[in-house]
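Trainee: What follows is a single structure, and I will ask about it in a moment.
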Amino acid sequence: MRYKVVVLQEETFEEKASFTGKLWYWITGVSSAAVIVVMLTIAFIRATPLREYVAGMSLNGFERSRLIEAYTRIDSMEQVAAANTIYLDNLRQVIAGQAGETLEQAGGQHIAGKTTNPAPPAVADVGLSKDELALRQLVESGAPYDLPENPEAAHTGISSYTFYSPIKGIISSNFSAKEQHYAVDIAVKLNEPVRTTLSGNVVFASYTPETGYVVIVQHSNNLLSLYKHCASIIKKVGSFVRGGEVIAFAGDTGELSTGPHLHFELWHNGNPVNPTDYIAF
(Lines give C-alpha, C1' and ligand atoms only; values in the text may rest on other atoms or scores of the structure.)
Protein backbone atom coordinates (compact mmCIF):
# COMPACT_ATOMS: atom_id res chain seq x y z
CA MET A 1 0.00 0.00 0.00
CA ARG A 2 1.35 3.39 -1.03
CA TYR A 3 0.75 6.72 0.75
CA LYS A 4 0.86 10.23 -0.58
CA VAL A 5 1.91 13.33 1.37
CA VAL A 6 0.66 16.62 -0.11
CA VAL A 7 1.82 20.13 0.81
CA LEU A 8 -1.05 22.68 0.32
CA GLN A 9 -1.21 26.47 0.66
CA GLU A 10 -3.42 27.22 3.68
CA GLU A 11 -5.57 29.96 2.12
CA THR A 12 -6.13 28.65 -1.44
CA PHE A 13 -5.48 24.94 -0.86
CA GLU A 14 -3.23 25.04 -3.92
CA GLU A 15 -1.02 21.99 -4.09
CA LYS A 16 2.65 22.98 -3.78
CA ALA A 17 4.35 19.61 -3.47
CA SER A 18 3.53 15.94 -3.02
CA PHE A 19 5.45 12.86 -1.98
CA THR A 20 4.38 9.30 -2.69
CA GLY A 21 5.77 6.17 -1.15
CA LYS A 22 5.14 3.11 0.90
CA LEU A 23 4.69 3.37 4.67
CA TRP A 24 7.93 1.61 5.53
CA TYR A 25 9.81 4.10 3.30
CA TRP A 26 8.50 6.93 5.45
CA ILE A 27 9.30 5.15 8.67
CA THR A 28 12.83 4.33 7.46
CA GLY A 29 13.46 7.92 6.29
CA VAL A 30 12.27 9.51 9.50
CA SER A 31 14.25 7.04 11.61
CA SER A 32 17.41 7.61 9.54
CA ALA A 33 17.08 11.40 9.87
CA ALA A 34 16.62 11.09 13.63
CA VAL A 35 19.69 8.86 13.93
CA ILE A 36 21.79 11.30 11.88
CA VAL A 37 20.68 14.24 14.06
CA VAL A 38 21.50 12.33 17.23
CA MET A 39 24.93 11.29 15.93
CA LEU A 40 25.78 14.86 14.86
CA THR A 41 24.69 16.17 18.27
CA ILE A 42 26.86 13.63 20.10
CA ALA A 43 29.85 14.40 17.88
CA PHE A 44 29.42 18.14 18.48
CA ILE A 45 29.24 17.68 22.26
CA ARG A 46 32.28 15.40 22.33
CA ALA A 47 34.33 17.87 20.26
CA THR A 48 33.56 20.88 22.46
CA PRO A 49 33.81 21.71 26.19
CA LEU A 50 30.05 21.10 26.38
CA ARG A 51 30.82 17.48 27.24
CA GLU A 52 31.89 18.71 30.70
CA TYR A 53 28.20 19.31 31.43
CA VAL A 54 27.13 15.82 30.35
CA ALA A 55 27.06 13.13 33.02
CA GLY A 56 29.72 10.49 32.52
CA MET A 57 31.90 12.65 30.26
CA SER A 58 34.81 14.89 31.30
CA LEU A 59 37.80 16.78 29.89
CA ASN A 60 41.00 14.91 29.24
CA GLY A 61 44.10 15.57 31.32
CA PHE A 62 45.64 18.12 28.94
CA GLU A 63 42.48 20.19 28.57
CA ARG A 64 41.81 20.04 32.31
CA SER A 65 45.32 21.31 33.08
CA ARG A 66 44.85 24.17 30.62
CA LEU A 67 41.53 25.05 32.24
CA ILE A 68 43.10 25.03 35.72
CA GLU A 69 45.98 27.17 34.44
CA ALA A 70 43.52 29.68 32.96
CA TYR A 71 41.59 29.89 36.24
CA THR A 72 44.88 30.35 38.14
CA ARG A 73 45.95 33.19 35.86
CA ILE A 74 42.59 34.91 36.23
CA ASP A 75 42.83 34.63 40.01
CA SER A 76 46.40 36.00 39.98
CA MET A 77 45.36 38.91 37.76
CA GLU A 78 42.50 39.72 40.11
CA GLN A 79 44.90 39.75 43.08
CA VAL A 80 47.36 41.99 41.22
CA ALA A 81 44.56 44.35 40.19
CA ALA A 82 43.29 44.51 43.77
CA ALA A 83 46.81 45.19 45.08
CA ASN A 84 47.31 47.97 42.51
CA THR A 85 43.98 49.51 43.46
CA ILE A 86 44.95 49.53 47.14
CA TYR A 87 48.36 51.01 46.30
CA LEU A 88 46.86 53.80 44.17
CA ASP A 89 44.25 54.56 46.85
CA ASN A 90 46.98 54.77 49.50
CA LEU A 91 49.13 56.98 47.29
CA ARG A 92 46.16 59.25 46.60
CA GLN A 93 45.48 59.55 50.35
CA VAL A 94 49.14 60.23 51.07
CA ILE A 95 49.31 63.05 48.53
CA ALA A 96 46.07 64.54 49.92
CA GLY A 97 47.31 64.19 53.51
CA GLN A 98 44.50 61.83 54.45
CA ALA A 99 44.98 59.02 56.97
CA GLY A 100 43.03 56.14 58.44
CA GLU A 101 44.23 54.76 61.75
CA THR A 102 47.57 56.22 62.80
CA LEU A 103 50.02 54.88 65.33
CA GLU A 104 49.04 57.61 67.79
CA GLN A 105 45.35 58.04 67.10
CA ALA A 106 42.79 55.48 65.97
CA GLY A 107 40.41 56.69 63.32
CA GLY A 108 42.47 59.62 62.07
CA GLN A 109 40.61 62.56 60.65
CA HIS A 110 40.84 63.44 56.99
CA ILE A 111 42.15 66.60 55.45
CA ALA A 112 40.37 67.80 52.37
CA GLY A 113 42.70 67.79 49.38
CA LYS A 114 42.60 70.41 46.64
CA THR A 115 42.59 69.44 42.99
CA THR A 116 43.59 72.70 41.36
CA ASN A 117 46.92 72.55 39.57
CA PRO A 118 48.09 75.92 38.32
CA ALA A 119 51.30 76.18 36.37
CA PRO A 120 54.40 75.85 38.61
CA PRO A 121 56.77 78.76 38.97
CA ALA A 122 60.13 78.83 37.32
CA VAL A 123 62.76 76.37 38.60
CA ALA A 124 64.73 77.84 41.48
CA ASP A 125 68.09 77.59 39.71
CA VAL A 126 67.69 81.17 38.51
CA GLY A 127 69.91 83.60 40.42
CA LEU A 128 72.46 81.05 41.62
CA SER A 129 76.11 81.93 41.15
CA LYS A 130 78.57 79.74 39.26
CA ASP A 131 80.15 78.61 42.52
CA GLU A 132 76.77 77.59 43.92
CA LEU A 133 75.90 75.70 40.73
CA ALA A 134 79.27 73.93 40.83
CA LEU A 135 78.73 72.99 44.47
CA ARG A 136 75.25 71.69 43.63
CA GLN A 137 76.62 69.46 40.86
CA LEU A 138 79.27 68.15 43.25
CA VAL A 139 76.65 67.28 45.87
CA GLU A 140 74.37 65.66 43.31
CA SER A 141 77.11 63.40 42.01
CA GLY A 142 77.97 61.94 45.41
CA ALA A 143 76.17 59.45 47.65
CA PRO A 144 78.41 59.23 50.74
CA TYR A 145 75.83 57.47 52.90
CA ASP A 146 75.57 54.29 50.89
CA LEU A 147 75.12 51.97 53.90
CA PRO A 148 73.61 48.49 53.42
CA GLU A 149 70.00 48.10 54.38
CA ASN A 150 68.73 45.19 56.41
CA PRO A 151 67.54 42.51 53.91
CA GLU A 152 65.13 41.13 56.51
CA ALA A 153 63.38 44.47 57.04
CA ALA A 154 60.39 43.52 54.93
CA HIS A 155 59.72 40.62 57.29
CA THR A 156 60.40 42.25 60.65
CA GLY A 157 58.80 45.70 60.29
CA ILE A 158 60.02 49.20 59.58
CA SER A 159 61.90 49.49 62.89
CA SER A 160 64.61 47.18 61.51
CA TYR A 161 65.43 49.51 58.60
CA THR A 162 68.52 51.68 58.59
CA PHE A 163 66.96 55.07 57.82
CA TYR A 164 69.06 57.93 56.50
CA SER A 165 68.36 61.43 57.75
CA PRO A 166 66.96 63.34 54.76
CA ILE A 167 68.50 66.57 56.04
CA LYS A 168 70.20 68.01 59.12
CA GLY A 169 68.57 70.96 60.82
CA ILE A 170 66.35 72.17 63.64
CA ILE A 171 62.90 70.62 64.07
CA SER A 172 60.46 73.53 63.93
CA SER A 173 57.25 71.48 63.99
CA ASN A 174 56.79 67.95 65.33
CA PHE A 175 54.55 65.14 64.13
CA SER A 176 51.02 65.45 65.56
CA ALA A 177 48.15 63.19 64.55
CA LYS A 178 45.69 65.21 66.65
CA GLU A 179 46.52 68.37 64.72
CA GLN A 180 46.62 66.39 61.46
CA HIS A 181 50.24 67.37 60.94
CA TYR A 182 51.59 64.06 59.68
CA ALA A 183 55.15 65.27 59.23
CA VAL A 184 58.27 66.70 60.78
CA ASP A 185 59.32 70.19 59.65
CA ILE A 186 63.07 70.77 59.70
CA ALA A 187 64.28 74.36 59.41
CA VAL A 188 67.38 74.57 57.21
CA LYS A 189 69.25 76.92 54.96
CA LEU A 190 67.96 77.52 51.44
CA ASN A 191 69.17 74.98 48.83
CA GLU A 192 70.43 72.47 51.39
CA PRO A 193 70.60 69.01 49.71
CA VAL A 194 67.68 66.68 50.47
CA ARG A 195 68.52 62.97 50.54
CA THR A 196 66.20 59.99 50.28
CA THR A 197 65.77 58.15 53.55
CA LEU A 198 65.82 54.67 51.95
CA SER A 199 66.43 53.13 48.55
CA GLY A 200 63.39 53.08 46.31
CA ASN A 201 61.70 54.44 43.21
CA VAL A 202 60.44 57.98 42.66
CA VAL A 203 56.67 57.79 42.10
CA PHE A 204 55.89 61.51 42.23
CA ALA A 205 58.01 64.55 41.42
CA SER A 206 56.06 67.69 40.64
CA TYR A 207 54.78 71.03 41.87
CA THR A 208 51.63 71.57 43.95
CA PRO A 209 50.25 75.01 44.86
CA GLU A 210 50.06 74.32 48.61
CA THR A 211 53.32 72.41 49.19
CA GLY A 212 55.51 73.57 46.29
CA TYR A 213 57.91 71.08 44.76
CA VAL A 214 57.20 67.60 46.15
CA VAL A 215 59.05 64.29 45.81
CA ILE A 216 57.53 60.94 46.84
CA VAL A 217 59.68 57.80 46.97
CA GLN A 218 58.22 54.28 47.13
CA HIS A 219 60.27 51.89 49.28
CA SER A 220 59.85 48.21 50.05
CA ASN A 221 57.47 46.94 52.74
CA ASN A 222 54.75 49.44 51.65
CA LEU A 223 56.79 52.44 52.83
CA LEU A 224 56.49 55.92 51.32
CA SER A 225 58.60 58.96 52.10
CA LEU A 226 57.53 62.51 51.15
CA TYR A 227 59.68 65.60 50.77
CA LYS A 228 57.76 68.90 50.41
CA HIS A 229 58.48 72.62 49.92
CA CYS A 230 61.65 71.86 47.94
CA ALA A 231 63.38 74.60 45.96
CA SER A 232 63.98 72.25 43.03
CA ILE A 233 63.88 68.55 42.13
CA ILE A 234 66.69 66.65 40.41
CA LYS A 235 65.05 63.24 40.02
CA LYS A 236 62.32 62.16 37.61
CA VAL A 237 59.37 59.83 38.15
CA GLY A 238 60.49 56.22 37.75
CA SER A 239 64.08 56.88 38.80
CA PHE A 240 65.67 54.44 41.22
CA VAL A 241 67.45 56.18 44.09
CA ARG A 242 69.76 54.76 46.73
CA GLY A 243 69.45 55.52 50.39
CA GLY A 244 71.24 58.79 51.12
CA GLU A 245 71.20 59.94 47.49
CA VAL A 246 70.38 63.59 46.76
CA ILE A 247 66.93 63.95 45.19
CA ALA A 248 66.12 67.65 45.72
CA PHE A 249 67.13 70.88 47.43
CA ALA A 250 65.34 72.43 50.39
CA GLY A 251 63.39 75.59 49.72
CA ASP A 252 60.42 77.77 50.56
CA THR A 253 57.94 76.93 47.79
CA GLY A 254 54.18 76.56 48.17
CA GLU A 255 51.46 78.57 49.84
CA LEU A 256 51.79 76.70 53.15
CA SER A 257 55.50 77.38 53.58
CA THR A 258 56.61 80.03 56.10
CA GLY A 259 60.37 79.86 55.48
CA PRO A 260 63.13 77.59 54.17
CA HIS A 261 62.50 74.13 55.58
CA LEU A 262 61.85 70.52 54.67
CA HIS A 263 58.42 69.02 55.34
CA PHE A 264 59.20 65.30 55.70
CA GLU A 265 56.56 62.56 55.95
CA LEU A 266 56.85 58.79 56.40
CA TRP A 267 53.90 56.51 55.59
CA HIS A 268 53.49 52.77 56.15
CA ASN A 269 50.60 50.78 54.66
CA GLY A 270 48.74 54.00 53.90
CA ASN A 271 49.05 55.40 57.42
CA PRO A 272 51.46 58.09 58.68
CA VAL A 273 54.14 57.28 61.23
CA ASN A 274 56.26 59.61 63.31
CA PRO A 275 59.64 59.96 61.55
CA THR A 276 61.41 60.88 64.80
CA ASP A 277 60.73 57.35 66.08
CA TYR A 278 63.15 56.01 63.46
CA ILE A 279 65.35 58.90 62.31
CA ALA A 280 67.67 61.30 64.12
CA PHE A 281 67.48 64.73 62.49
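Please note that chains go A, B, ... in the order of the C-alpha coordinates, that every chain numbers its residues from 1, and that ligands are numbered from 1 in the order shown.
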Excluding A:Val94 and its own-chain neighbours fewer than 5 positions away, which residues fall within 9 Å of it when counting only C-alpha atoms? Please give them as number ranges by chain.
Mentor: A: 89, 99, 224, 226, 267, 270-272
Trainee: Name the residues in contact with A:Ser172 at a cut-off of 7 Å, using only C-alpha atoms, excluding same-chain residues fewer than 2 positions from it; report them as JSON, numbers by chain.
Mentor: {"A": [170, 174, 185, 186, 187]}
Trainee: Report the distance between atom CA of A:Leu262 and atom CA of A:His181 in Å, rounded to one decimal place.
Mentor: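 According to the coordinates, atom CA of A:Leu262 and atom CA of A:His181 are separated by 13.6 Å.
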Trainee: With only C-alpha atoms as the atoms that count, which of A:His261, A:Arg46, A:Arg51, A:Arg66 lies nearest to A:Tyr227?
Mentor: A:His261
Trainee: Can you list, as a ChimeraX atom specification, every protein, DNA or RNA residue that comes within 9 Å of A:Glu192 when you count only C-alpha atoms, leaving out same-chain residues fewer than 5 positions away?
Mentor: /A:167-168,248-251
Trainee: Show which residues sit within 9 Å of A:Lys235, as a list in words. Count only C-alpha atoms, and ignore same-chain residues fewer than 3 positions away.
Mentor: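 My reading of the contact set: Val202, Ala205, Val215, Gly238, Ser239, Phe240, Val241, Val246, Ile247 and Ala248 of chain A.
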